[in-house]
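Data first, discussion second: the structure below is written as C-alpha cells.
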Amino acid sequence: ESGADQNPGASRAFTKSLLADLQALEEMLSQGMIESGVRRFGAEQEVFLVDSTFHPSLTAPEVLERLGGSPFTTELARFNLEMNLPPVPLQGSSFSTVHQEIDRLLMQLREAAAEEGADVLLTGILPTITKGDLTLESITPVPRYYALNDALNRLRRGTPYNLKVVGWDELHVEHDSVMMEACNASCQFHLQVSADEFAPFYNAAQVALAPVLAAAANSPLLFGKRLWAETRIALFQQSMDTRDTSMHQREVLPRVRFGEHWVEGSVVELFQEDIARFRVILEEDVDEDPLALLARGEVPSLRALSLFNGTIYRWNRPCYGVMEGVPHLRIESRALPAGPSVLDEVANGAFWTGLVLGISEEMGDVSDQMDFDEARSNFIAAARMGLNAGFEWFDGEAVDSKSLILERLLPLADRALKKARVEGEDVERYLGVIRDRVESGQNGTVWALRSVANLKGKGTRSERLAAIAATALRQQKEGRPVHEWEPATLTEAGGWERTFLKVGQYMNTTLFTVQEDELLEMAAFLMDRKQIRHVPVEDDEHHLVGFLSYRQILKLMAESPGRGIPDTIQVREVMDPDPLTISPDTSTVDAIELMRKHGVSCLPVLKEGRLVGIVSEREFLPIAYQLLKEKLGA
C-alpha cells in the first residue's frame, strides 16, 4: 500500500512498537507461554437500531449512555452497536449459555433503545438502509472512526469507493467515505486454540467456512437489489478497499480477504505477512515495552499488534489476548451474518466450531487434500449462491453444498463436539437447527427472496422493504428459527402511514436526466417516450443544475405556433436554473406544503448537493388513496 502519513513521527513510533510486539510474541511461543489444553468459545453480536418505520435510527450514542458501557460498545455508524460476550469453556451446555447471554443482553439493549424510540434488529444487511443513510452525518462521533475514514481516503488518494455487485440484479454505486461498511452486521464467533495446534486448526477453519456460510447466508438485499446470497462478503471487501486501480501490473492484496495460502508454521506467519503487506492506518501512543515485561516475567498486552490486527480483516482472523494474566490465541470467524434469530446464530457457531474441531482431528493435514485456491473458491461460491453452491471438496471431488452438509459435515461436527464433552442435548439442538434449515432449503437469504416474490406488485418499494424488516423483527423476537418463518406481508410494517413520513422513503429514484447542453428536442423526445412530465438537469458529478418541465416546453411551442421546437435550442435556454429542492429527510407534510405554496407539481430531492430522487404528485397518490379509503370506510 502507498499513501502519505498525516503524522510520520507517530507512525514510525507505532511501527516500532508493532515490531516489538511481534518479537515478543515469537519469544512467548518459543518459551511455551501461550495457554494450552483449554478450549473456550465466545461471540460478538453486532446489531442495527431501527426507528418506528424500520429504517436506521441514529441513536446509538444515546442508547449506549443509558446502558453504561461494557459489554456494549460502539460501531462505525450511529445506527449500529456491538455486544461482547465473555468466553465460556467449550463443554457441557456452552452453546445454550451463549444463547441465553445474547438473549439477556438483547433484552437490556431493547429496553434502552425503546427509551430513544428505537428497536433492535439482527440482520446481515438492513433491507431499508439507503445510500442517504451513509453520509458522515451518521458516523459515530468517536475520533477513531474519523481517523479510519481519513486514513483510508488518503490511501485512496481521494478517489471514490466503487461498489459493484452482480447477482439476481446488478448494483453499481460510488461512495465517498468508509460508511458503506456500516451496512454490515455480523455475529462473530471465536475459538481458543493452543499454539502448537494453531496451524491445523486455522486451516480447518478456512475449509469449514464455505459450507457454514452457505447454510448461514442471510444478506441478499442491498438498496432494494437482489445480489449475492451473502452480499456482506462483497460489500465489506469493496467498502474497505484501498487499492489503486492504476497499479494493475502489481498484485496488491485487499485489506478484507480470505487469505492466500495455508498456514505452515505458527500464528506469527499471518501477523508477519500482514505487517509486511499493509501500512499502519491507525496508531496511538503505546508505552508498553513488551520485551522488558517478558524479561521481568510479566505478560504483555501487545497493544500495538492488537490495534493493527483490528484494521486487517481476514474472514478468519488470528487473535492474541490475555485472560486472567494468561496469554492465549483465538481464531475469530467474521464471515457469518447477524440473524435471522439468536437460535440460528448460535447454531451457525456450533456448526463452525464442530467442523473446525472435526476437520482438524479426523481429516488430517487439509493442505495435502485440497488446493488453497479451491478453499477460497468454495468460500466465494457460498457467498454468491448460498445453499445452491457447489464445492470442490477433498481430492478434487465435486459436491453440492446440501448433500455435503447433511450427509458428511453434520455427522462430523456432531462427533467432534461430543468428543469435546459438549452435552448431547446441546449438540442435537443446535446442529438440529442446521439440519432442518438445510433440509427445508430455507435459510435467511431464501426467506428474504421468497418475501420479495410474495410482495411483488404490492405497495411501494419502500413499503416492501419495510415489511421485510418488520416481519424479520417480529419472528426474531418470537425466537423461531428461520426455516419456520413465513414470508413477509405488506401489513407487517404497521400501515401505510409509517412508509410516507419522509420523502426519502418513497421518492422516485429511477431517474431519467439530461444535461444542460443537450438539445431540447432530445429532452422532449425522452419525456414523450417515457411518459414523464419533469426531467432533472445535472452535470457529470450528478449535481443538479436545473429542472425542466413539460409545461416549459409547451410554453415555448405556444410562442412559436406551427413551428415545433427549434432544432438549435439547448436545454439550458428553457430550464429553470434555480428550482425549489428538498432533502430526503423532508417530511411529507412539509413537501406538500411547499408544492402548494409555490405552485409546483414536482420537487427534486438532493443529498449533499447531489440529485438522489424526485417526488411528484404521482408519489402522493397512494397517500390520497389510503386517506379516501379510510374516510369512506372502505
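Letters for chains follow the order of the C-alpha cells (A, B, ...), residue numbers begin at 1 for each chain, and ligand numbers begin at 1 in the order shown.
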Members of stretch 461-600 of chain A assigned strand (DSSP E) by DSSP, as a list in words: His534, Val535, Pro536, Val537, Glu538, Leu544, Val545, Gly546, Phe547, Leu548 and Ser549 of chain A
Dump as CSV the rows for residues of stretch 194-278 of chain A within 8 Å of stretch 360-379 of chain A: closest atom pair and distance in Å with one decimal, only C-alpha atoms counted, ordered by chain and rising residue number.
```
residue,atom,partner,partner_atom,distance
A:Pro200,CA,A:Ser360,CA,5.9
A:Phe201,CA,A:Ser360,CA,5.7
A:Asn203,CA,A:Val366,CA,7.0
A:Ala204,CA,A:Ser360,CA,5.6
A:Gln206,CA,A:Ala375,CA,6.9
A:Val207,CA,A:Ala375,CA,5.7
A:Leu209,CA,A:Phe379,CA,6.6
A:Ala210,CA,A:Phe379,CA,4.3
A:Pro211,CA,A:Phe379,CA,7.9
A:Leu213,CA,A:Phe379,CA,7.7
A:Phe258,CA,A:Arg376,CA,6.5
A:Gly259,CA,A:Arg376,CA,7.7
A:Glu260,CA,A:Phe372,CA,7.4
A:His261,CA,A:Phe372,CA,5.8
A:Trp262,CA,A:Phe372,CA,6.3
```
Close residues, A:Val545 itself excluded, 8 Å, only C-alpha atoms, min 5 positions apart in chain, as a PyMOL selection string: chain A and resi 516+537-539+577-578
Hey, which bits of stretch 550-597 of chain A sit within 10 Å of stretch 129-151 of chain A, and for each residue what's the closest pair of atoms and how far apart in Å (one decimal), counting only C-alpha atoms, rows by chain and increasing number, as a tab-separated table?
```
residue	atom	partner	partner_atom	distance
A:Ser583	CA	A:Gly132	CA	9.7
A:Pro584	CA	A:Gly132	CA	7.6
A:Asp585	CA	A:Gly132	CA	9.2
```
Which of stretch 411-507 of chain A fall in helix (DSSP H, G or I), as a PyMOL selection string: chain A and resi 411-419+424-440+444-455+461-477+482-484+490-493+496-499+503-505
Residues near A:Ile614, cut-off 9 Å, only C-alpha atoms, skip fewer than 3 positions along chain, as a PyMOL selection string: chain A and resi 503+507-511+536+602-606+611
Residue neighbourhood A:Thr568, 10 Å, only C-alpha atoms, exclusion window fewer than 4 positions, as a PyMOL selection string: chain A and resi 518-521
Same residues, C-alpha atoms, output as an mmCIF file, in the first residue's frame:
```cif
data_model
loop_
_atom_site.group_PDB
_atom_site.id
_atom_site.type_symbol
_atom_site.label_atom_id
_atom_site.label_comp_id
_atom_site.auth_asym_id
_atom_site.auth_seq_id
_atom_site.Cartn_x
_atom_site.Cartn_y
_atom_site.Cartn_z
ATOM 1 C CA GLU A 518 -28.278 18.755 -24.809
ATOM 2 C CA LEU A 519 -30.853 19.684 -27.440
ATOM 3 C CA LEU A 520 -34.284 20.494 -26.059
ATOM 4 C CA GLU A 521 -35.726 18.281 -28.778
#
```
List every residue of stretch 408-441 of chain A that has an atom at most 9 Å from any atom of stretch 483-495 of chain A, and for each one report the closest atom pair and its distance in Å to one decimal, counting only C-alpha atoms, with rows sorted by chain and then by increasing residue number, as a tab-separated table.
```
residue	atom	partner	partner_atom	distance
A:Val433	CA	A:His483	CA	8.4
A:Asp436	CA	A:His483	CA	7.1
A:Arg437	CA	A:His483	CA	5.1
A:Val438	CA	A:His483	CA	8.4
A:Ser440	CA	A:His483	CA	6.5
A:Gly441	CA	A:His483	CA	7.7
```
Pick from A:Leu126, A:Met240, A:Ala523, A:Ile102 nearest to A:Ile569, counting only C-alpha atoms: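 Of the candidates, the smallest distance to A:Ile569 is held by A:Ala523.
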Nearest to A:Ala591 by atom-to-atom distance, counting only C-alpha atoms, from A:Pro566, A:Gly158, A:Gly424, A:Gly504: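 Of A:Pro566, A:Gly158, A:Gly424, A:Gly504, the one nearest A:Ala591 is A:Gly504, counting only C-alpha atoms.
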Surrounding residues of stretch 394-404 of chain A excluding itself and chain neighbours under 2 positions, 8 Å, only C-alpha atoms, as a list of chain:residue names: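 So the residues in contact are A:Pro211, A:Ala214, A:Val366, A:Gln369, A:Met370, A:Leu387, A:Asn388, A:Ala389, A:Gly390, A:Phe391, A:Glu392, A:Leu406, A:Glu407, A:Arg408, A:Leu409, A:Val438, A:Glu439.
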d(atom CA of A:Gly124, atom CA of A:Ala338) in Å: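 Straight-line distance from atom CA of A:Gly124 to atom CA of A:Ala338 works out to 4.9 Å.
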A:Pro579, A:Phe41, A:Ser177, A:Val514 ranked by distance to A:Trp352, top pick (using only C-alpha atoms):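 The answer is A:Phe41, which sits nearest to A:Trp352.
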Best match for closeness to A:Ala466 among A:Thr128, A:Pro290, A:Asp103, A:Leu22, counting only C-alpha atoms: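 Result for the nearest residue to A:Ala466: A:Thr128.
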Separation of atom CA of A:Ile553 from atom CA of A:Thr588, in Å and rounded to one decimal: 28.4 Å
Polymer residues at most 12 Å from A:Tyr202, only C-alpha atoms, same-chain spacing of 6 or more positions, as JSON, numbers by chain: {"A": [190, 191, 192, 193, 194, 195, 196, 208, 209, 258, 259, 261, 262, 263, 264, 265, 266, 267, 269, 270, 314, 315, 316, 317, 318, 319, 329, 330, 331, 332, 333, 352, 353, 355, 356, 357, 359, 360, 365, 366, 367]}
Atomic separation - atom CA of A:Pro89 relative to atom CA of A:Arg415, Å: 17.9 Å
